[in-house]
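Everything below belongs to work.csv, which stores CSV, N, CA and C atoms.
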chain,number,residue,atom,x,y,z
A,241,MET,N,11.7,9.0,-17.1
A,241,MET,CA,11.1,10.3,-17.3
A,241,MET,C,11.9,11.2,-18.2
A,242,ASN,N,11.3,11.6,-19.3
A,242,ASN,CA,11.9,12.5,-20.2
A,242,ASN,C,11.3,13.9,-20.1
A,243,TRP,N,12.0,14.8,-19.4
A,243,TRP,CA,11.5,16.2,-19.2
A,243,TRP,C,12.2,17.1,-20.2
A,244,THR,N,11.4,17.9,-20.9
A,244,THR,CA,12.0,18.9,-21.8
A,244,THR,C,12.2,20.2,-21.0
A,245,ARG,N,13.0,21.0,-21.6
A,245,ARG,CA,13.3,22.3,-21.0
A,245,ARG,C,12.0,23.1,-20.8
A,246,ARG,N,11.1,23.1,-21.7
A,246,ARG,CA,9.8,23.8,-21.6
A,246,ARG,C,9.0,23.3,-20.4
A,247,GLU,N,9.1,22.0,-20.1
A,247,GLU,CA,8.3,21.5,-19.0
A,247,GLU,C,8.9,21.9,-17.7
A,248,ILE,N,10.2,22.1,-17.6
A,248,ILE,CA,10.9,22.4,-16.4
A,248,ILE,C,10.6,23.9,-16.0
A,249,ARG,N,10.5,24.8,-16.9
A,249,ARG,CA,10.2,26.2,-16.6
A,249,ARG,C,8.8,26.3,-16.3
A,250,LEU,N,8.4,26.3,-15.0
A,250,LEU,CA,7.1,26.4,-14.6
A,250,LEU,C,6.9,27.6,-13.6
A,251,PRO,N,5.8,28.2,-13.5
A,251,PRO,CA,5.6,29.2,-12.5
A,251,PRO,C,5.6,28.6,-11.1
A,252,LYS,N,6.0,29.4,-10.2
A,252,LYS,CA,6.0,28.9,-8.8
A,252,LYS,C,4.6,28.7,-8.3
A,253,LEU,N,4.3,27.6,-7.7
A,253,LEU,CA,3.0,27.3,-7.2
A,253,LEU,C,2.9,28.0,-5.8
A,254,PRO,N,1.8,28.6,-5.5
A,254,PRO,CA,1.7,29.4,-4.2
A,254,PRO,C,1.6,28.5,-3.0
A,255,ALA,N,1.2,27.3,-3.1
A,255,ALA,CA,0.9,26.4,-1.9
A,255,ALA,C,1.3,25.0,-2.2
A,256,LEU,N,1.6,24.3,-1.1
A,256,LEU,CA,2.0,22.9,-1.1
A,256,LEU,C,0.7,22.1,-0.8
A,257,GLN,N,0.4,21.2,-1.6
A,257,GLN,CA,-0.8,20.3,-1.3
A,257,GLN,C,-0.3,19.3,-0.2
A,258,PHE,N,-1.0,19.4,0.9
A,258,PHE,CA,-0.6,18.5,2.0
A,258,PHE,C,-1.8,17.7,2.4
A,259,TYR,N,-1.7,16.4,2.2
A,259,TYR,CA,-2.8,15.4,2.4
A,259,TYR,C,-2.6,14.8,3.8
A,260,VAL,N,-3.3,15.3,4.7
A,260,VAL,CA,-3.2,14.8,6.1
A,260,VAL,C,-3.7,13.3,6.1
A,261,GLY,N,-4.7,13.0,5.4
A,261,GLY,CA,-5.2,11.6,5.4
A,261,GLY,C,-4.2,10.6,4.9
A,262,ASP,N,-3.4,11.0,3.9
A,262,ASP,CA,-2.3,10.2,3.4
A,262,ASP,C,-1.3,9.9,4.6
A,263,LEU,N,-1.0,10.9,5.3
A,263,LEU,CA,0.0,10.7,6.4
A,263,LEU,C,-0.6,9.8,7.5
A,264,VAL,N,-1.8,10.1,7.9
A,264,VAL,CA,-2.4,9.3,9.0
A,264,VAL,C,-2.6,7.9,8.6
A,265,LYS,N,-2.9,7.6,7.4
A,265,LYS,CA,-3.1,6.2,7.0
A,265,LYS,C,-1.8,5.4,6.6
A,266,ASP,N,-0.7,6.2,6.4
A,266,ASP,CA,0.5,5.6,5.9
A,266,ASP,C,1.3,5.0,7.1
A,267,PRO,N,1.4,3.6,7.1
A,267,PRO,CA,2.2,3.0,8.2
A,267,PRO,C,3.7,3.4,8.2
A,268,ASN,N,4.2,3.7,7.1
A,268,ASN,CA,5.6,4.2,7.0
A,268,ASN,C,5.8,5.5,7.7
A,269,TYR,N,4.8,6.4,7.5
A,269,TYR,CA,4.9,7.7,8.2
A,269,TYR,C,4.6,7.6,9.7
A,270,ARG,N,3.7,6.7,10.0
A,270,ARG,CA,3.3,6.5,11.4
A,270,ARG,C,4.5,6.0,12.2
A,271,SER,N,5.4,5.3,11.5
A,271,SER,CA,6.6,4.7,12.2
A,271,SER,C,7.7,5.7,12.5
A,272,LEU,N,7.6,6.9,12.0
A,272,LEU,CA,8.6,8.0,12.2
A,272,LEU,C,8.5,8.5,13.6
A,273,THR,N,9.6,8.9,14.2
A,273,THR,CA,9.6,9.6,15.4
A,273,THR,C,9.2,11.1,15.2
A,274,LEU,N,9.0,11.8,16.3
A,274,LEU,CA,8.6,13.2,16.1
A,274,LEU,C,9.7,14.0,15.4
A,275,GLU,N,10.9,13.8,15.7
A,275,GLU,CA,12.0,14.5,15.0
A,275,GLU,C,12.0,14.1,13.5
A,276,GLU,N,11.8,12.8,13.2
A,276,GLU,CA,11.8,12.4,11.8
A,276,GLU,C,10.6,13.0,11.0
A,277,LYS,N,9.5,13.1,11.7
A,277,LYS,CA,8.3,13.7,11.1
A,277,LYS,C,8.6,15.2,10.7
A,278,GLY,N,9.2,15.9,11.6
A,278,GLY,CA,9.6,17.3,11.3
A,278,GLY,C,10.5,17.4,10.2
A,279,MET,N,11.5,16.5,10.1
A,279,MET,CA,12.4,16.4,9.0
A,279,MET,C,11.7,16.1,7.7
A,280,TYR,N,10.7,15.2,7.7
A,280,TYR,CA,9.9,14.9,6.6
A,280,TYR,C,9.2,16.1,6.0
A,281,ILE,N,8.6,16.9,6.9
A,281,ILE,CA,7.9,18.1,6.5
A,281,ILE,C,8.9,19.0,5.8
A,282,GLU,N,10.0,19.2,6.4
A,282,GLU,CA,11.1,20.0,5.8
A,282,GLU,C,11.5,19.5,4.4
A,283,VAL,N,11.6,18.2,4.2
A,283,VAL,CA,11.9,17.6,2.9
A,283,VAL,C,10.8,17.9,1.9
A,284,LEU,N,9.5,17.8,2.4
A,284,LEU,CA,8.4,18.1,1.5
A,284,LEU,C,8.5,19.5,1.0
A,285,THR,N,8.7,20.5,1.9
A,285,THR,CA,8.8,21.9,1.4
A,285,THR,C,10.0,22.1,0.5
A,286,LEU,N,11.1,21.4,0.7
A,286,LEU,CA,12.2,21.5,-0.2
A,286,LEU,C,11.9,20.9,-1.6
A,287,LEU,N,11.2,19.8,-1.6
A,287,LEU,CA,10.8,19.1,-2.8
A,287,LEU,C,9.9,19.9,-3.6
A,288,HIS,N,9.0,20.7,-2.9
A,288,HIS,CA,8.1,21.6,-3.6
A,288,HIS,C,8.8,22.7,-4.4
A,289,GLU,N,10.0,23.1,-4.0
A,289,GLU,CA,10.7,24.1,-4.7
A,289,GLU,C,11.6,23.6,-5.8
A,290,GLN,N,11.7,22.3,-6.0
A,290,GLN,CA,12.6,21.8,-7.0
A,290,GLN,C,12.1,22.1,-8.4
A,291,PRO,N,13.0,22.1,-9.4
A,291,PRO,CA,12.5,22.3,-10.8
A,291,PRO,C,11.5,21.2,-11.3
A,292,ILE,N,11.6,20.0,-10.8
A,292,ILE,CA,10.6,19.0,-11.0
A,292,ILE,C,10.1,18.6,-9.6
A,293,ARG,N,8.9,19.1,-9.3
A,293,ARG,CA,8.4,19.0,-8.0
A,293,ARG,C,8.3,17.5,-7.6
A,294,GLY,N,8.9,17.2,-6.4
A,294,GLY,CA,8.8,15.9,-5.9
A,294,GLY,C,10.1,15.1,-6.1
A,295,VAL,N,11.1,15.7,-6.9
A,295,VAL,CA,12.3,15.0,-7.2
A,295,VAL,C,13.5,15.8,-6.8
A,296,PHE,N,14.4,15.3,-6.1
A,296,PHE,CA,15.7,15.9,-5.8
A,296,PHE,C,16.7,15.8,-6.9
A,297,ARG,N,16.5,16.7,-7.9
A,297,ARG,CA,17.4,16.7,-9.1
A,297,ARG,C,17.6,18.1,-9.5
A,298,SER,N,18.9,18.5,-9.8
A,298,SER,CA,19.2,19.8,-10.2
A,298,SER,C,18.7,20.1,-11.6
A,299,LYS,N,18.8,21.3,-12.0
A,299,LYS,CA,18.4,21.7,-13.4
A,299,LYS,C,19.2,21.0,-14.4
A,300,ASN,N,20.4,20.7,-14.1
A,300,ASN,CA,21.2,20.0,-15.1
A,300,ASN,C,21.0,18.4,-15.1
A,301,GLY,N,20.1,18.0,-14.3
A,301,GLY,CA,19.8,16.6,-14.2
A,301,GLY,C,20.5,15.7,-13.2
A,302,ARG,N,21.4,16.3,-12.5
A,302,ARG,CA,22.2,15.5,-11.5
A,302,ARG,C,21.3,15.3,-10.3
A,303,ALA,N,21.5,14.1,-9.7
A,303,ALA,CA,20.7,13.7,-8.5
A,303,ALA,C,21.4,14.4,-7.3
A,304,TRP,N,20.6,14.8,-6.3
A,304,TRP,CA,21.1,15.3,-5.1
A,304,TRP,C,21.6,14.1,-4.2
A,305,SER,N,22.7,14.3,-3.5
A,305,SER,CA,23.1,13.3,-2.6
A,305,SER,C,22.4,13.5,-1.3
A,306,LEU,N,22.6,12.5,-0.4
A,306,LEU,CA,22.0,12.6,1.0
A,306,LEU,C,22.6,13.8,1.7
A,307,GLU,N,23.9,14.0,1.4
A,307,GLU,CA,24.6,15.1,2.1
A,307,GLU,C,24.0,16.5,1.6
A,308,GLN,N,23.7,16.6,0.3
A,308,GLN,CA,23.2,17.8,-0.2
A,308,GLN,C,21.8,18.1,0.4
A,309,VAL,N,21.0,17.1,0.6
A,309,VAL,CA,19.7,17.2,1.2
A,309,VAL,C,19.8,17.7,2.6
A,310,ALA,N,20.7,17.0,3.3
A,310,ALA,CA,20.9,17.4,4.8
A,310,ALA,C,21.5,18.8,4.9
A,311,CYS,N,22.3,19.2,4.0
A,311,CYS,CA,22.9,20.6,4.1
A,311,CYS,C,21.8,21.6,3.8
A,312,ALA,N,20.8,21.3,3.0
A,312,ALA,CA,19.8,22.2,2.6
A,312,ALA,C,18.8,22.5,3.7
A,313,ILE,N,18.8,21.6,4.7
A,313,ILE,CA,17.8,21.7,5.7
A,313,ILE,C,18.5,22.0,7.0
A,314,THR,N,18.2,23.1,7.7
A,314,THR,CA,18.8,23.5,8.9
A,314,THR,C,18.6,22.4,10.0
A,315,GLY,N,19.7,22.0,10.6
A,315,GLY,CA,19.7,21.0,11.7
A,315,GLY,C,19.6,19.6,11.3
A,316,ALA,N,19.6,19.3,10.0
A,316,ALA,CA,19.4,17.9,9.5
A,316,ALA,C,20.7,17.2,9.4
A,317,THR,N,20.7,15.9,9.5
A,317,THR,CA,21.9,15.1,9.4
A,317,THR,C,21.7,14.1,8.3
A,318,VAL,N,22.7,13.6,7.8
A,318,VAL,CA,22.6,12.5,6.7
A,318,VAL,C,21.9,11.3,7.3
A,319,GLU,N,22.1,11.0,8.6
A,319,GLU,CA,21.5,9.9,9.2
A,319,GLU,C,19.9,10.1,9.2
A,320,LEU,N,19.5,11.3,9.5
A,320,LEU,CA,18.0,11.5,9.5
A,320,LEU,C,17.4,11.3,8.1
A,321,VAL,N,18.2,11.8,7.1
A,321,VAL,CA,17.7,11.6,5.7
A,321,VAL,C,17.7,10.2,5.3
A,322,GLN,N,18.7,9.5,5.7
A,322,GLN,CA,18.8,8.0,5.5
A,322,GLN,C,17.6,7.3,6.2
A,323,THR,N,17.2,7.7,7.4
A,323,THR,CA,16.1,7.1,8.1
A,323,THR,C,14.8,7.3,7.3
A,324,LEU,N,14.6,8.4,6.6
A,324,LEU,CA,13.4,8.6,5.8
A,324,LEU,C,13.4,7.6,4.6
A,325,LEU,N,14.6,7.4,4.1
A,325,LEU,CA,14.7,6.4,3.0
A,325,LEU,C,14.5,5.0,3.6
A,326,ASP,N,15.1,4.6,4.7
A,326,ASP,CA,14.9,3.3,5.3
A,326,ASP,C,13.5,3.0,5.7
A,327,LYS,N,12.7,4.0,6.1
A,327,LYS,CA,11.3,3.8,6.5
A,327,LYS,C,10.4,4.0,5.4
A,328,GLY,N,10.8,4.3,4.2
A,328,GLY,CA,10.0,4.3,3.0
A,328,GLY,C,9.2,5.5,2.7
A,329,VAL,N,9.4,6.6,3.4
A,329,VAL,CA,8.6,7.8,3.1
A,329,VAL,C,9.3,8.6,2.0
A,330,LEU,N,10.6,8.4,1.8
A,330,LEU,CA,11.3,9.0,0.8
A,330,LEU,C,11.9,7.9,0.0
A,331,LEU,N,11.9,8.0,-1.4
A,331,LEU,CA,12.3,6.9,-2.2
A,331,LEU,C,13.6,7.2,-3.0
A,332,LYS,N,14.3,6.2,-3.4
A,332,LYS,CA,15.5,6.4,-4.2
A,332,LYS,C,15.4,5.4,-5.4
A,333,ASN,N,15.6,5.9,-6.6
A,333,ASN,CA,15.5,5.0,-7.8
A,333,ASN,C,16.9,4.4,-8.1
A,334,ALA,N,17.0,3.7,-9.1
A,334,ALA,CA,18.2,3.0,-9.5
A,334,ALA,C,19.4,3.9,-9.8
A,335,ARG,N,19.0,5.1,-10.3
A,335,ARG,CA,20.1,6.1,-10.7
A,335,ARG,C,20.5,7.0,-9.5
A,336,GLY,N,19.9,6.7,-8.3
A,336,GLY,CA,20.3,7.4,-7.1
A,336,GLY,C,19.5,8.7,-6.9
A,337,ILE,N,18.4,8.9,-7.6
A,337,ILE,CA,17.6,10.1,-7.5
A,337,ILE,C,16.6,9.9,-6.4
A,338,LEU,N,16.6,10.8,-5.4
A,338,LEU,CA,15.6,10.8,-4.3
A,338,LEU,C,14.3,11.5,-4.8
A,339,TRP,N,13.2,10.9,-4.4
A,339,TRP,CA,11.9,11.4,-4.8
A,339,TRP,C,10.8,11.0,-3.8
A,340,GLN,N,9.7,11.7,-3.9
A,340,GLN,CA,8.5,11.4,-3.0
A,340,GLN,C,7.4,11.1,-3.9
A,341,ARG,N,6.8,9.9,-3.7
A,341,ARG,CA,5.8,9.3,-4.6
A,341,ARG,C,4.6,10.2,-4.8
A,342,ARG,N,3.9,10.7,-3.8
A,342,ARG,CA,2.7,11.5,-4.0
A,342,ARG,C,2.9,12.8,-4.7
A,343,MET,N,4.0,13.5,-4.3
A,343,MET,CA,4.2,14.8,-4.9
A,343,MET,C,4.6,14.7,-6.3
A,344,LEU,N,5.4,13.7,-6.7
A,344,LEU,CA,5.7,13.5,-8.1
A,344,LEU,C,4.5,13.1,-8.9
A,345,ARG,N,3.7,12.2,-8.4
A,345,ARG,CA,2.4,11.8,-9.1
A,345,ARG,C,1.5,13.0,-9.3
A,346,ASP,N,1.3,13.8,-8.3
A,346,ASP,CA,0.5,15.0,-8.4
A,346,ASP,C,1.1,16.0,-9.4
A,347,GLU,N,2.4,16.1,-9.4
A,347,GLU,CA,3.0,17.1,-10.4
A,347,GLU,C,2.8,16.6,-11.8
A,348,MET,N,2.9,15.3,-12.0
A,348,MET,CA,2.7,14.7,-13.4
A,348,MET,C,1.2,15.0,-13.8
A,349,VAL,N,0.3,14.8,-12.9
A,349,VAL,CA,-1.1,15.0,-13.2
A,349,VAL,C,-1.4,16.5,-13.5
A,350,ARG,N,-0.8,17.4,-12.7
A,350,ARG,CA,-0.9,18.8,-12.9
A,350,ARG,C,-0.4,19.2,-14.3
A,351,ARG,N,0.8,18.7,-14.7
A,351,ARG,CA,1.4,19.1,-16.0
A,351,ARG,C,0.5,18.6,-17.1
A,352,ARG,N,0.0,17.3,-17.0
A,352,ARG,CA,-0.8,16.8,-18.0
A,352,ARG,C,-2.1,17.6,-18.2
A,353,LYS,N,-2.7,18.0,-17.1
A,353,LYS,CA,-3.9,18.8,-17.2
A,353,LYS,C,-3.7,20.2,-17.8
A,354,ALA,N,-2.5,20.8,-17.4
A,354,ALA,CA,-2.2,22.1,-18.0
A,354,ALA,C,-1.9,22.0,-19.5
A,355,ARG,N,-1.3,20.9,-19.9
A,355,ARG,CA,-1.0,20.7,-21.3
A,355,ARG,C,-2.3,20.5,-22.1
A,356,CYS,N,-3.2,19.7,-21.6
A,356,CYS,CA,-4.5,19.5,-22.2
A,356,CYS,C,-5.3,20.7,-22.2
A,357,GLY,N,-5.3,21.5,-21.1
A,357,GLY,CA,-6.1,22.7,-21.1
A,357,GLY,C,-5.6,23.7,-22.0
A,358,SER,N,-4.3,23.7,-22.4
A,358,SER,CA,-3.8,24.8,-23.3
A,358,SER,C,-4.2,24.5,-24.7
A,359,VAL,N,-4.4,23.2,-25.1
A,359,VAL,CA,-4.8,22.9,-26.5
A,359,VAL,C,-6.3,22.8,-26.7
A,360,GLY,N,-7.0,22.6,-25.7
A,360,GLY,CA,-8.5,22.4,-25.9
A,360,GLY,C,-9.3,23.6,-25.6
A,361,GLY,N,-10.5,23.5,-25.7
A,361,GLY,CA,-11.4,24.5,-25.2
A,361,GLY,C,-11.6,25.6,-26.3
A,362,LYS,N,-11.3,25.4,-27.5
A,362,LYS,CA,-11.5,26.4,-28.5
A,362,LYS,C,-13.0,26.5,-28.8
A,363,ALA,N,-13.6,27.7,-28.8
A,363,ALA,CA,-15.0,27.8,-29.1
A,363,ALA,C,-15.3,27.6,-30.6
A,364,SER,N,-16.3,26.8,-30.9
A,364,SER,CA,-16.6,26.6,-32.3
A,364,SER,C,-17.6,27.7,-32.7
A,365,PRO,N,-17.7,28.1,-33.9
A,365,PRO,CA,-18.6,29.1,-34.4
A,365,PRO,C,-20.1,28.6,-34.2
A,366,PRO,N,-21.0,29.5,-33.9
A,366,PRO,CA,-22.4,29.1,-33.7
A,366,PRO,C,-22.9,28.5,-35.0
A,367,LYS,N,-23.8,27.5,-34.8
A,367,LYS,CA,-24.4,26.8,-35.9
A,367,LYS,C,-25.5,27.6,-36.5
A,368,ARG,N,-25.6,27.6,-37.8
A,368,ARG,CA,-26.7,28.3,-38.5
A,368,ARG,C,-27.7,27.3,-39.0
A,369,TYR,N,-28.9,27.5,-38.7
A,369,TYR,CA,-29.9,26.6,-39.1
A,369,TYR,C,-30.8,27.2,-40.2

Spit out the file's structure as structure tokens when you get a sec.
Amino acid sequence: MNWTRREIRLPKLPALQFYVGDLVKDPNYRSLTLEEKGMYIEVLTLLHEQPIRGVFRSKNGRAWSLEQVACAITGATVELVQTLLDKGVLLKNARGILWQRRMLRDEMVRRRKARCGSVGGKASPPKRY
């Protein structure tokens, strides 16, 4: 992913899209304990506030560690964050960047639509017959 500075500076979105159907149908989510589910919701809210929604990466491009994620959430432990990784609801790429599939995909779609919407839609002059 190549993100430019312009793409990172986005207005804060007022709400978090929360797809209950995705959770109910996802066997990885269903395998979480009640404590792990609460932790997962906290992780989603934290991911929503990231410069690139859905990705635990700082503005300078550095990946967050499991310890940083655990410290950012009250009452969380590194073991709980690791459990989310082990059960497949939170993902880690080859460079060690933690991310959530649906949120990142939705963010990419949102950015593409915003970019297309800003260049299109110019009204053409009325036709003269």

Shell of 5 Å around Arg293 (chain A), only N, CA and C atoms, local chain residues under 6 positions omitted, as a list in words: Leu287, Met343 and Leu344 of chain A

field: Near-Val329 (chain A) list (10 Å; only C-alpha atoms; drop same-chain fewer than 6 positions) as a ChimeraX atom specification
entry: /A:263,266-272,277,280,323,339-342

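The space between CA of Met348 (chain A) and CA of Asn300 (chain A) spans 19.3 Å.
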
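Rounded to one decimal, CA of Cys356 (chain A) and atom N of Ile292 (chain A) lie 19.7 Å from each other.
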
Separation of atom N of Ala316 (chain A) from CA of Glu282 (chain A) in Å: 9.5 Å

task: Within region 246-354 of chain A, find each residue whose DSSP state, derived from the backbone, is helix (DSSP H, G or I), and express the selection as a PyMOL selection string.
output: chain A and resi 246-248+260-265+267-270+274-288+306-312+318-326+341-354

query: region 275-355 of chain A: which residues are strand (DSSP E) by DSSP, as a VMD selection string?
result: chain A and resid 295 to 296 331 to 332 338 to 339
